[in-house]
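What follows is start15.pdb (PDB, C-alpha atoms).
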ATOM      1  CA  MET A   7     219.542  91.698 -13.956
ATOM      2  CA  GLN A   8     215.837  92.551 -14.379
ATOM      3  CA  GLY A   9     215.014  88.870 -14.453
ATOM      4  CA  PHE A  10     217.131  88.194 -11.382
ATOM      5  CA  LEU A  11     215.383  90.914  -9.375
ATOM      6  CA  ALA A  12     211.945  89.742 -10.499
ATOM      7  CA  MET A  13     212.677  86.200  -9.223
ATOM      8  CA  GLY A  14     210.046  84.636 -11.467
ATOM      9  CA  GLY A  15     207.400  87.037 -10.192
ATOM     10  CA  HIS A  16     208.128  86.295  -6.521
ATOM     11  CA  GLY A  17     210.691  89.073  -5.996
ATOM     12  CA  GLY A  18     208.106  91.016  -4.021
ATOM     13  CA  TYR A  19     208.208  88.294  -1.355
ATOM     14  CA  ILE A  20     211.805  87.088  -1.614
ATOM     15  CA  TRP A  21     213.627  90.426  -1.344
ATOM     16  CA  PRO A  22     211.639  91.684   1.678
ATOM     17  CA  ALA A  23     212.477  88.379   3.442
ATOM     18  CA  PHE A  24     216.222  88.884   2.850
ATOM     19  CA  ALA A  25     216.064  92.628   3.613
ATOM     20  CA  LEU A  26     214.223  92.025   6.887
ATOM     21  CA  THR A  27     216.770  89.397   7.933
ATOM     22  CA  ALA A  28     219.657  91.768   7.180
ATOM     23  CA  LEU A  29     217.928  94.608   9.026
ATOM     24  CA  VAL A  30     217.312  92.594  12.208
ATOM     25  CA  LEU A  31     220.798  91.021  12.307
ATOM     26  CA  ILE A  32     222.599  94.316  11.609
ATOM     27  CA  GLY A  33     220.363  96.111  14.113
ATOM     28  CA  PHE A  34     221.307  93.722  16.937
ATOM     29  CA  ALA A  35     224.995  93.930  16.010
ATOM     30  CA  VAL A  36     224.978  97.751  16.054
ATOM     31  CA  ALA A  37     223.066  97.883  19.360
ATOM     32  CA  SER A  38     225.436  95.349  20.976
ATOM     33  CA  LEU A  39     228.543  97.246  19.843
ATOM     34  CA  ARG A  40     227.046 100.505  21.103
ATOM     35  CA  ASP A  41     226.432  98.901  24.517
ATOM     36  CA  LEU A  42     230.023  97.654  24.612
ATOM     37  CA  ARG A  43     231.403 101.119  23.778
ATOM     38  CA  ARG A  44     229.244 102.660  26.495
ATOM     39  CA  ALA A  45     230.341 100.095  29.103
ATOM     40  CA  GLN A  46     234.005 100.619  28.178
ATOM     41  CA  LYS A  47     233.628 104.399  28.558
ATOM     42  CA  THR A  48     231.823 104.145  31.906
ATOM     43  CA  LEU A  49     234.443 101.772  33.261
ATOM     44  CA  ALA A  50     237.290 104.000  32.088
ATOM     45  CA  ARG A  51     235.646 106.965  33.807
ATOM     46  CA  GLN A  52     235.223 105.035  37.080
ATOM     47  CA  GLU A  53     238.804 103.835  36.983
ATOM     48  CA  ALA A  54     240.092 107.339  36.325
ATOM     49  CA  LEU A  55     238.221 108.554  39.417
ATOM     50  CA  ARG A  56     240.210 106.247  41.682
ATOM     51  CA  PRO A  57     243.844 107.009  40.902
ATOM     52  CA  GLU A  58     245.096 106.739  44.494
ATOM     53  CA  ARG A  59     243.853 103.164  45.008
ATOM     54  CA  ARG A  60     245.304 102.036  41.700
ATOM     55  CA  ARG A  61     248.651 103.516  42.578
ATOM     56  CA  ARG A  62     248.578 101.778  45.948
ATOM     57  CA  LYS A  63     247.687  98.507  44.256
ATOM     58  CA  ALA A  64     250.490  98.969  41.744
ATOM     59  CA  ALA A  65     252.929  99.601  44.559
ATOM     60  CA  GLN A  66     251.880  96.387  46.277
ATOM     61  CA  ALA A  67     252.297  94.308  43.140
TER      62      ALA A  67
ATOM     63  CA  MET B 233     233.037  70.066  32.507
ATOM     64  CA  THR B 234     235.245  72.114  30.220
ATOM     65  CA  MET B 235     232.905  75.124  30.486
ATOM     66  CA  HIS B 236     234.050  75.575  34.073
ATOM     67  CA  ARG B 237     237.341  76.869  32.738
ATOM     68  CA  PHE B 238     235.472  79.911  31.450
ATOM     69  CA  ALA B 239     233.566  80.492  34.690
ATOM     70  CA  ASN B 240     236.121  83.095  35.688
ATOM     71  CA  PRO B 241     235.024  86.443  34.148
ATOM     72  CA  GLY B 242     238.566  87.645  33.476
ATOM     73  CA  ARG B 243     239.455  84.400  31.742
ATOM     74  CA  PHE B 244     236.230  84.515  29.763
ATOM     75  CA  MET B 245     237.027  88.005  28.514
ATOM     76  CA  ARG B 246     240.529  87.072  27.433
ATOM     77  CA  PHE B 247     239.150  84.023  25.636
ATOM     78  CA  ALA B 248     236.389  86.083  23.987
ATOM     79  CA  ASP B 249     238.861  88.733  22.804
ATOM     80  CA  ARG B 250     241.038  86.086  21.210
ATOM     81  CA  ALA B 251     238.146  84.120  19.661
ATOM     82  CA  LEU B 252     236.196  87.125  18.346
ATOM     83  CA  PRO B 253     238.145  87.751  15.098
ATOM     84  CA  TRP B 254     237.811  84.046  14.225
ATOM     85  CA  THR B 255     234.069  83.766  14.834
ATOM     86  CA  LEU B 256     233.580  87.026  12.938
ATOM     87  CA  GLY B 257     235.670  85.791   9.995
ATOM     88  CA  ALA B 258     233.887  82.436   9.942
ATOM     89  CA  MET B 259     230.536  84.250   9.989
ATOM     90  CA  VAL B 260     231.446  86.442   7.002
ATOM     91  CA  LEU B 261     232.737  83.452   5.011
ATOM     92  CA  CYS B 262     229.693  81.262   5.721
ATOM     93  CA  LEU B 263     227.130  83.989   5.063
ATOM     94  CA  GLY B 264     228.940  85.132   1.919
ATOM     95  CA  ALA B 265     229.130  81.624   0.485
ATOM     96  CA  GLY B 266     225.605  80.776   1.647
ATOM     97  CA  LEU B 267     224.080  83.887   0.047
ATOM     98  CA  TYR B 268     225.977  83.329  -3.190
ATOM     99  CA  LEU B 269     224.912  79.683  -3.453
ATOM    100  CA  GLY B 270     221.369  80.402  -2.293
ATOM    101  CA  LEU B 271     220.676  83.349  -4.583
ATOM    102  CA  PHE B 272     222.755  82.550  -7.688
ATOM    103  CA  VAL B 273     223.635  78.863  -7.844
ATOM    104  CA  ALA B 274     220.777  76.869  -6.286
ATOM    105  CA  PRO B 275     218.013  76.051  -8.786
ATOM    106  CA  PRO B 276     214.380  77.110  -8.394
ATOM    107  CA  ASP B 277     212.211  74.427  -6.804
ATOM    108  CA  TYR B 278     210.015  72.384  -9.142
ATOM    109  CA  GLN B 279     206.961  73.188  -7.028
ATOM    110  CA  GLN B 280     207.817  76.432  -5.215
ATOM    111  CA  GLY B 281     209.698  78.143  -8.047
ATOM    112  CA  GLU B 282     212.059  80.935  -6.994
ATOM    113  CA  SER B 283     210.326  81.544  -3.675
ATOM    114  CA  VAL B 284     212.156  78.492  -2.299
ATOM    115  CA  ARG B 285     215.060  80.933  -1.772
ATOM    116  CA  ILE B 286     213.197  82.374   1.214
ATOM    117  CA  MET B 287     214.005  79.024   2.862
ATOM    118  CA  TYR B 288     217.700  79.999   2.996
ATOM    119  CA  VAL B 289     216.856  82.600   5.643
ATOM    120  CA  HIS B 290     213.642  81.106   7.036
ATOM    121  CA  VAL B 291     214.910  77.639   8.003
ATOM    122  CA  PRO B 292     218.212  78.791   9.603
ATOM    123  CA  SER B 293     216.297  81.471  11.547
ATOM    124  CA  ALA B 294     213.880  78.846  12.851
ATOM    125  CA  TRP B 295     216.766  76.516  13.796
ATOM    126  CA  MET B 296     218.473  79.385  15.626
ATOM    127  CA  ALA B 297     215.239  80.224  17.441
ATOM    128  CA  LEU B 298     215.293  76.706  18.920
ATOM    129  CA  PHE B 299     219.075  76.522  19.370
ATOM    130  CA  VAL B 300     219.297  79.837  21.247
ATOM    131  CA  TYR B 301     216.364  78.883  23.472
ATOM    132  CA  THR B 302     217.990  75.527  24.267
ATOM    133  CA  ASN B 303     221.162  77.405  25.149
ATOM    134  CA  ILE B 304     219.214  79.705  27.479
ATOM    135  CA  ALA B 305     217.599  76.688  29.154
ATOM    136  CA  LEU B 306     221.021  75.044  29.674
ATOM    137  CA  ALA B 307     222.483  78.292  31.028
ATOM    138  CA  SER B 308     219.462  78.661  33.322
ATOM    139  CA  ALA B 309     219.978  75.143  34.678
ATOM    140  CA  ALA B 310     223.675  75.911  35.239
ATOM    141  CA  SER B 311     222.703  79.105  37.024
ATOM    142  CA  LEU B 312     220.126  77.480  39.312
ATOM    143  CA  ILE B 313     222.123  74.317  40.093
ATOM    144  CA  TRP B 314     225.765  75.427  40.169
ATOM    145  CA  ARG B 315     225.353  79.211  40.579
ATOM    146  CA  HIS B 316     227.682  79.520  37.616
ATOM    147  CA  PRO B 317     228.657  83.224  37.530
ATOM    148  CA  LEU B 318     228.525  83.574  33.742
ATOM    149  CA  ALA B 319     225.389  81.495  33.123
ATOM    150  CA  ASP B 320     222.953  84.308  33.941
ATOM    151  CA  LEU B 321     224.869  86.666  31.675
ATOM    152  CA  VAL B 322     224.756  84.163  28.798
ATOM    153  CA  ALA B 323     220.999  83.734  29.263
ATOM    154  CA  LYS B 324     220.459  87.496  29.473
ATOM    155  CA  ALA B 325     222.606  88.227  26.413
ATOM    156  CA  SER B 326     220.906  85.474  24.385
ATOM    157  CA  SER B 327     217.210  86.172  24.723
ATOM    158  CA  PRO B 328     216.948  89.339  22.566
ATOM    159  CA  ILE B 329     218.902  87.588  19.795
ATOM    160  CA  GLY B 330     216.693  84.512  20.089
ATOM    161  CA  ALA B 331     213.600  86.688  19.955
ATOM    162  CA  GLY B 332     215.022  88.312  16.822
ATOM    163  CA  PHE B 333     215.549  84.939  15.117
ATOM    164  CA  THR B 334     212.051  83.796  16.136
ATOM    165  CA  PHE B 335     210.572  86.982  14.710
ATOM    166  CA  LEU B 336     212.507  86.388  11.476
ATOM    167  CA  ALA B 337     211.292  82.776  11.258
ATOM    168  CA  LEU B 338     207.687  83.971  11.623
ATOM    169  CA  ALA B 339     208.008  86.965   9.284
ATOM    170  CA  THR B 340     209.939  85.224   6.492
ATOM    171  CA  GLY B 341     207.589  82.238   6.792
ATOM    172  CA  SER B 342     204.690  84.621   6.326
ATOM    173  CA  LEU B 343     206.350  86.109   3.229
ATOM    174  CA  TRP B 344     206.689  82.583   1.849
ATOM    175  CA  GLY B 345     203.180  81.520   2.891
ATOM    176  CA  LYS B 346     201.406  84.294   1.018
ATOM    177  CA  PRO B 347     202.477  83.233  -2.499
ATOM    178  CA  MET B 348     202.703  79.482  -1.712
ATOM    179  CA  TRP B 349     199.760  78.777   0.600
ATOM    180  CA  GLY B 350     197.709  81.821  -0.326
ATOM    181  CA  THR B 351     197.722  83.109   3.253
ATOM    182  CA  TRP B 352     200.079  85.030   5.541
ATOM    183  CA  TRP B 353     199.145  82.984   8.589
ATOM    184  CA  VAL B 354     197.302  79.858   9.745
ATOM    185  CA  TRP B 355     196.771  78.717  13.321
ATOM    186  CA  ASP B 356     198.364  75.307  12.762
ATOM    187  CA  ALA B 357     200.418  73.612  15.480
ATOM    188  CA  ARG B 358     203.839  74.592  14.084
ATOM    189  CA  LEU B 359     203.111  78.276  13.563
ATOM    190  CA  THR B 360     201.248  78.606  16.861
ATOM    191  CA  SER B 361     203.967  76.873  18.922
ATOM    192  CA  VAL B 362     206.636  79.121  17.352
ATOM    193  CA  LEU B 363     204.526  82.158  18.224
ATOM    194  CA  VAL B 364     204.429  80.840  21.820
ATOM    195  CA  LEU B 365     208.252  80.604  21.674
ATOM    196  CA  PHE B 366     208.390  84.264  20.642
ATOM    197  CA  PHE B 367     206.287  85.221  23.684
ATOM    198  CA  LEU B 368     208.490  83.061  25.944
ATOM    199  CA  TYR B 369     211.499  85.074  24.758
ATOM    200  CA  LEU B 370     209.678  88.352  25.451
ATOM    201  CA  GLY B 371     208.660  87.085  28.901
ATOM    202  CA  HIS B 372     212.243  86.078  29.631
ATOM    203  CA  MET B 373     213.509  89.538  28.671
ATOM    204  CA  ALA B 374     210.798  91.238  30.732
ATOM    205  CA  LEU B 375     211.438  89.124  33.857
ATOM    206  CA  MET B 376     215.193  89.818  33.698
ATOM    207  CA  ASN B 377     214.475  93.495  34.296
ATOM    208  CA  ALA B 378     211.275  93.227  36.335
ATOM    209  CA  PHE B 379     212.874  93.292  39.815
ATOM    210  CA  ASP B 380     214.942  95.922  41.590
ATOM    211  CA  ASP B 381     217.024  93.046  42.912
ATOM    212  CA  GLN B 382     218.959  91.780  39.872
ATOM    213  CA  ALA B 383     219.461  88.303  41.337
ATOM    214  CA  ARG B 384     215.721  87.786  41.800
ATOM    215  CA  GLY B 385     214.983  88.814  38.236
ATOM    216  CA  ARG B 386     217.593  86.434  36.893
ATOM    217  CA  LYS B 387     216.254  83.580  38.991
ATOM    218  CA  ALA B 388     212.669  84.206  37.867
ATOM    219  CA  ALA B 389     213.813  84.358  34.222
ATOM    220  CA  ALA B 390     215.781  81.108  34.639
ATOM    221  CA  ILE B 391     212.717  79.309  36.014
ATOM    222  CA  LEU B 392     210.569  80.599  33.132
ATOM    223  CA  ALA B 393     213.200  79.450  30.613
ATOM    224  CA  LEU B 394     213.277  75.939  32.093
ATOM    225  CA  VAL B 395     209.502  75.578  32.303
ATOM    226  CA  GLY B 396     209.134  76.956  28.780
ATOM    227  CA  PHE B 397     211.630  74.434  27.427
ATOM    228  CA  VAL B 398     208.748  71.943  27.129
ATOM    229  CA  ASN B 399     207.749  73.987  24.068
ATOM    230  CA  VAL B 400     210.966  73.112  22.176
ATOM    231  CA  PRO B 401     210.163  69.418  21.490
ATOM    232  CA  ILE B 402     206.557  70.431  20.840
ATOM    233  CA  ILE B 403     207.768  72.752  18.062
ATOM    234  CA  LYS B 404     210.143  70.144  16.639
ATOM    235  CA  PHE B 405     207.564  67.332  16.521
ATOM    236  CA  SER B 406     204.435  69.457  15.930
ATOM    237  CA  VAL B 407     204.595  68.625  12.220
ATOM    238  CA  ASP B 408     204.520  64.878  13.017
ATOM    239  CA  TRP B 409     202.043  64.871  15.918
ATOM    240  CA  TRP B 410     199.417  67.084  14.309
ATOM    241  CA  ASN B 411     198.071  67.574  10.847
ATOM    242  CA  THR B 412     199.822  70.867  10.048
ATOM    243  CA  LEU B 413     199.802  72.976   6.916
ATOM    244  CA  HIS B 414     203.498  73.493   7.619
ATOM    245  CA  GLN B 415     205.542  70.773   5.902
ATOM    246  CA  PRO B 416     207.465  68.153   7.946
ATOM    247  CA  ALA B 417     211.264  68.216   8.343
ATOM    248  CA  SER B 418     213.337  67.614   5.216
ATOM    249  CA  VAL B 419     216.850  68.095   6.658
ATOM    250  CA  LEU B 420     216.904  67.063  10.345
ATOM    251  CA  ARG B 421     215.418  63.586   9.841
ATOM    252  CA  LEU B 422     216.510  60.218  11.180
ATOM    253  CA  ASP B 423     216.790  58.878   7.620
ATOM    254  CA  GLY B 424     218.871  61.839   6.448
ATOM    255  CA  PRO B 425     218.063  64.939   4.364
ATOM    256  CA  THR B 426     215.614  64.550   1.515
ATOM    257  CA  ILE B 427     216.632  67.669  -0.418
ATOM    258  CA  HIS B 428     219.236  67.887  -3.151
ATOM    259  CA  SER B 429     222.771  68.950  -2.210
ATOM    260  CA  SER B 430     222.465  72.106  -4.377
ATOM    261  CA  MET B 431     219.838  73.281  -1.868
ATOM    262  CA  LEU B 432     221.287  71.629   1.229
ATOM    263  CA  TRP B 433     224.644  73.439   1.020
ATOM    264  CA  PRO B 434     223.342  77.024   1.019
ATOM    265  CA  LEU B 435     220.966  76.043   3.834
ATOM    266  CA  LEU B 436     223.750  74.594   5.995
ATOM    267  CA  LEU B 437     226.133  77.480   5.255
ATOM    268  CA  MET B 438     223.521  80.068   6.205
ATOM    269  CA  ALA B 439     222.746  78.116   9.398
ATOM    270  CA  LEU B 440     226.460  77.961  10.247
ATOM    271  CA  GLY B 441     226.809  81.688   9.493
ATOM    272  CA  PHE B 442     223.875  82.460  11.810
ATOM    273  CA  THR B 443     225.485  80.312  14.536
ATOM    274  CA  PHE B 444     228.761  82.233  14.249
ATOM    275  CA  TYR B 445     226.770  85.472  14.301
ATOM    276  CA  TYR B 446     225.114  84.398  17.559
ATOM    277  CA  VAL B 447     228.418  83.353  19.147
ATOM    278  CA  THR B 448     230.098  86.621  18.098
ATOM    279  CA  LEU B 449     227.287  88.713  19.537
ATOM    280  CA  LEU B 450     227.239  86.575  22.686
ATOM    281  CA  PHE B 451     230.922  87.378  23.300
ATOM    282  CA  ILE B 452     230.307  91.093  22.764
ATOM    283  CA  ARG B 453     227.176  91.263  24.908
ATOM    284  CA  VAL B 454     228.518  89.204  27.830
ATOM    285  CA  LYS B 455     231.700  91.251  27.759
ATOM    286  CA  SER B 456     229.860  94.559  27.944
ATOM    287  CA  ASP B 457     227.747  93.207  30.818
ATOM    288  CA  LEU B 458     230.918  92.192  32.706
ATOM    289  CA  LEU B 459     232.503  95.612  32.129
ATOM    290  CA  ALA B 460     229.311  97.355  33.261
ATOM    291  CA  ALA B 461     229.225  95.222  36.421
ATOM    292  CA  ARG B 462     232.849  96.102  37.164
ATOM    293  CA  ALA B 463     232.109  99.805  36.675
ATOM    294  CA  ARG B 464     229.125  99.519  39.035
ATOM    295  CA  ALA B 465     231.259  97.812  41.679
ATOM    296  CA  LEU B 466     233.844 100.609  41.448
ATOM    297  CA  GLU B 467     231.103 103.205  41.749
ATOM    298  CA  VAL B 468     229.672 101.542  44.867
ATOM    299  CA  ALA B 469     233.146 101.264  46.398
ATOM    300  CA  ALA B 470     233.819 104.937  45.668
ATOM    301  CA  LEU B 471     230.521 105.951  47.286
ATOM    302  CA  GLN B 472     231.283 103.879  50.371
ATOM    303  CA  ALA B 473     234.798 105.291  50.615
ATOM    304  CA  GLY B 474     233.406 108.815  50.388
ATOM    305  CA  GLU B 475     231.028 108.323  53.317
TER     306      GLU B 475
END
Encoding of this model in structure tokens:
Amino acid sequence: MQGFLAMGGHGGYIWPAFALTALVLIGFAVASLRDLRRAQKTLARQEALRPERRRRKAAQA
Amino acid sequence: MTMHRFANPGRFMRFADRALPWTLGAMVLCLGAGLYLGLFVAPPDYQQGESVRIMYVHVPSAWMALFVYTNIALASAASLIWRHPLADLVAKASSPIGAGFTFLALATGSLWGKPMWGTWWVWDARLTSVLVLFFLYLGHMALMNAFDDQARGRKAAAILALVGFVNVPIIKFSVDWWNTLHQPASVLRLDGPTIHSSMLWPLLLMALGFTFYYVTLLFIRVKSDLLAARARALEVAALQAGE
């Protein structure tokens, strides 16, 4: 395990490279999911504000 | 063109919802296998030693930096020529991710360069042209939001993306045209890859995993943009009805 982490003396460069990659990719994923949640909530709120039009539309359909 | 079938936002969202679990699953499988092979199975390089493992994130990041930019340029062309309704959204959703991959290519390359070249950075043609790509991404993101009129911002960003596309072949061939410290291609060559399959497989799996990551995030980001636009339209309609 020690030897694996040391990576032949280059662990100090290899692990930061992998950690940075994970950090950036996970960061974008979390931010994108947060944006989606927010958009879904805003849309639900807007749709709830217009019950009469939706009912009219449903009646037409 | 088959892409026209997805021009309809509602159809795109249904397609994205159905495809999402598959792209996500494929991403997890590819990245899992790629990391396992790259960190545990692939041998150390006879010249680079263990630090060759940085290549399993550096090279796919650099490929994605170019792939995402090419995608943005294609979407920008589709937006300017055909006024494709989803093209602007694809371009807008892509550029932060592309900037992220470009940053990773530069940063992980730096982490490899220090022990291998003895320096974090050199102003050779490859590194400099990739830095220019990073600034093109930032410019694209800035232009998208620079105008009060959304359509004008998107048009300006599309023009920048198309003009900046000239940088993509420059990056690809910089290692052949100029005398760079950066090594020439060893996978994407006309005469085929020159690295051993024990190193090629983790590289390709990581690249595939990154591609599925990009596609998954593209679905999520375009979808949230479409939902936000629908909410805005409802809000405007409500305001007008209330007048």
- prompt: Where does the PyMOL selection byres ((chain B and resi 356-364) around 9) land in this file, that is, which residues does it pick, as number ranges by chain?
  reply: B: 294, 297, 334-335, 337-338, 353-355, 365-369, 399-400, 402-407, 409-414
What residues in chain A lie within 8 Å of chain B, counting only C-alpha atoms, written as an mmCIF file with C-alpha atoms, in the coordinates of the input?
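For reference, result_7.cif as written:
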data_model
loop_
_atom_site.group_PDB
_atom_site.id
_atom_site.type_symbol
_atom_site.label_atom_id
_atom_site.label_comp_id
_atom_site.auth_asym_id
_atom_site.auth_seq_id
_atom_site.Cartn_x
_atom_site.Cartn_y
_atom_site.Cartn_z
ATOM 1 C CA MET A 13 212.677 86.200 -9.223
ATOM 2 C CA GLY A 14 210.046 84.636 -11.467
ATOM 3 C CA HIS A 16 208.128 86.295 -6.521
ATOM 4 C CA GLY A 17 210.691 89.073 -5.996
ATOM 5 C CA TYR A 19 208.208 88.294 -1.355
ATOM 6 C CA ILE A 20 211.805 87.088 -1.614
ATOM 7 C CA PRO A 22 211.639 91.684 1.678
ATOM 8 C CA ALA A 23 212.477 88.379 3.442
ATOM 9 C CA PHE A 24 216.222 88.884 2.850
ATOM 10 C CA LEU A 26 214.223 92.025 6.887
ATOM 11 C CA THR A 27 216.770 89.397 7.933
ATOM 12 C CA VAL A 30 217.312 92.594 12.208
ATOM 13 C CA LEU A 31 220.798 91.021 12.307
ATOM 14 C CA PHE A 34 221.307 93.722 16.937
ATOM 15 C CA ALA A 35 224.995 93.930 16.010
ATOM 16 C CA SER A 38 225.436 95.349 20.976
ATOM 17 C CA LEU A 39 228.543 97.246 19.843
ATOM 18 C CA ASP A 41 226.432 98.901 24.517
ATOM 19 C CA LEU A 42 230.023 97.654 24.612
ATOM 20 C CA ARG A 43 231.403 101.119 23.778
ATOM 21 C CA ALA A 45 230.341 100.095 29.103
ATOM 22 C CA GLN A 46 234.005 100.619 28.178
ATOM 23 C CA THR A 48 231.823 104.145 31.906
ATOM 24 C CA LEU A 49 234.443 101.772 33.261
ATOM 25 C CA GLN A 52 235.223 105.035 37.080
ATOM 26 C CA GLU A 53 238.804 103.835 36.983
ATOM 27 C CA ARG A 56 240.210 106.247 41.682
#
task: Find the distance between atom CA of Leu375 of chain B and atom CA of Ala248 of chain B and write it in Å to one decimal.
output: 27.0 Å
Each side padded by 8 Å, which centre and which edge lengths in Å (one decimal) define the axis-aligned box around the listed atoms of segment 395-402 of chain B? Give them as JSON.
{"center_x": 209.1, "center_y": 73.2, "center_z": 26.6, "size_x": 21.1, "size_y": 23.5, "size_z": 27.5}
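You will find atom CA of Met259 of chain B at 24.8 Å from atom CA of Arg44 of chain A.
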Final N, CA and C atoms of segment 22-44 of chain A as a PDB file, in the frame of the given file:
ATOM      1  N   PRO A  22     211.965  91.239   0.308  1.00  0.00           N
ATOM      2  CA  PRO A  22     211.639  91.684   1.678  1.00  0.00           C
ATOM      3  C   PRO A  22     212.103  90.689   2.749  1.00  0.00           C
ATOM      4  N   ALA A  23     212.038  89.379   2.455  1.00  0.00           N
ATOM      5  CA  ALA A  23     212.477  88.379   3.442  1.00  0.00           C
ATOM      6  C   ALA A  23     213.977  88.534   3.723  1.00  0.00           C
ATOM      7  N   PHE A  24     214.775  88.714   2.649  1.00  0.00           N
ATOM      8  CA  PHE A  24     216.222  88.884   2.850  1.00  0.00           C
ATOM      9  C   PHE A  24     216.536  90.237   3.492  1.00  0.00           C
ATOM     10  N   ALA A  25     215.805  91.292   3.067  1.00  0.00           N
ATOM     11  CA  ALA A  25     216.064  92.628   3.613  1.00  0.00           C
ATOM     12  C   ALA A  25     215.739  92.662   5.102  1.00  0.00           C
ATOM     13  N   LEU A  26     214.626  92.051   5.483  1.00  0.00           N
ATOM     14  CA  LEU A  26     214.223  92.025   6.887  1.00  0.00           C
ATOM     15  C   LEU A  26     215.263  91.296   7.733  1.00  0.00           C
ATOM     16  N   THR A  27     215.753  90.167   7.210  1.00  0.00           N
ATOM     17  CA  THR A  27     216.770  89.397   7.933  1.00  0.00           C
ATOM     18  C   THR A  27     218.021  90.250   8.145  1.00  0.00           C
ATOM     19  N   ALA A  28     218.466  90.923   7.068  1.00  0.00           N
ATOM     20  CA  ALA A  28     219.657  91.768   7.180  1.00  0.00           C
ATOM     21  C   ALA A  28     219.425  92.877   8.198  1.00  0.00           C
ATOM     22  N   LEU A  29     218.252  93.490   8.138  1.00  0.00           N
ATOM     23  CA  LEU A  29     217.928  94.608   9.026  1.00  0.00           C
ATOM     24  C   LEU A  29     217.992  94.184  10.493  1.00  0.00           C
ATOM     25  N   VAL A  30     217.356  93.052  10.814  1.00  0.00           N
ATOM     26  CA  VAL A  30     217.312  92.594  12.208  1.00  0.00           C
ATOM     27  C   VAL A  30     218.718  92.225  12.697  1.00  0.00           C
ATOM     28  N   LEU A  31     219.471  91.467  11.872  1.00  0.00           N
ATOM     29  CA  LEU A  31     220.798  91.021  12.307  1.00  0.00           C
ATOM     30  C   LEU A  31     221.750  92.207  12.467  1.00  0.00           C
ATOM     31  N   ILE A  32     221.714  93.148  11.505  1.00  0.00           N
ATOM     32  CA  ILE A  32     222.599  94.316  11.609  1.00  0.00           C
ATOM     33  C   ILE A  32     222.173  95.186  12.790  1.00  0.00           C
ATOM     34  N   GLY A  33     220.869  95.316  12.996  1.00  0.00           N
ATOM     35  CA  GLY A  33     220.363  96.111  14.113  1.00  0.00           C
ATOM     36  C   GLY A  33     220.880  95.602  15.457  1.00  0.00           C
ATOM     37  N   PHE A  34     220.816  94.286  15.674  1.00  0.00           N
ATOM     38  CA  PHE A  34     221.307  93.722  16.937  1.00  0.00           C
ATOM     39  C   PHE A  34     222.813  93.917  17.073  1.00  0.00           C
ATOM     40  N   ALA A  35     223.541  93.773  15.958  1.00  0.00           N
ATOM     41  CA  ALA A  35     224.995  93.930  16.010  1.00  0.00           C
ATOM     42  C   ALA A  35     225.359  95.364  16.391  1.00  0.00           C
ATOM     43  N   VAL A  36     224.686  96.342  15.765  1.00  0.00           N
ATOM     44  CA  VAL A  36     224.978  97.751  16.054  1.00  0.00           C
ATOM     45  C   VAL A  36     224.641  98.071  17.512  1.00  0.00           C
ATOM     46  N   ALA A  37     223.476  97.613  17.979  1.00  0.00           N
ATOM     47  CA  ALA A  37     223.066  97.883  19.360  1.00  0.00           C
ATOM     48  C   ALA A  37     224.050  97.258  20.352  1.00  0.00           C
ATOM     49  N   SER A  38     224.518  96.024  20.056  1.00  0.00           N
ATOM     50  CA  SER A  38     225.436  95.349  20.976  1.00  0.00           C
ATOM     51  C   SER A  38     226.781  96.069  21.035  1.00  0.00           C
ATOM     52  N   LEU A  39     227.268  96.528  19.863  1.00  0.00           N
ATOM     53  CA  LEU A  39     228.543  97.246  19.843  1.00  0.00           C
ATOM     54  C   LEU A  39     228.430  98.580  20.568  1.00  0.00           C
ATOM     55  N   ARG A  40     227.265  99.232  20.422  1.00  0.00           N
ATOM     56  CA  ARG A  40     227.046 100.505  21.103  1.00  0.00           C
ATOM     57  C   ARG A  40     227.067 100.298  22.623  1.00  0.00           C
ATOM     58  N   ASP A  41     226.424  99.223  23.085  1.00  0.00           N
ATOM     59  CA  ASP A  41     226.432  98.901  24.517  1.00  0.00           C
ATOM     60  C   ASP A  41     227.853  98.661  25.022  1.00  0.00           C
ATOM     61  N   LEU A  42     228.644  97.944  24.206  1.00  0.00           N
ATOM     62  CA  LEU A  42     230.023  97.654  24.612  1.00  0.00           C
ATOM     63  C   LEU A  42     230.830  98.942  24.746  1.00  0.00           C
ATOM     64  N   ARG A  43     230.708  99.828  23.718  1.00  0.00           N
ATOM     65  CA  ARG A  43     231.403 101.119  23.778  1.00  0.00           C
ATOM     66  C   ARG A  43     231.047 101.876  25.044  1.00  0.00           C
ATOM     67  N   ARG A  44     229.726 101.904  25.336  1.00  0.00           N
ATOM     68  CA  ARG A  44     229.244 102.660  26.495  1.00  0.00           C
ATOM     69  C   ARG A  44     229.822 102.076  27.786  1.00  0.00           C
TER      70      ARG A  44
END
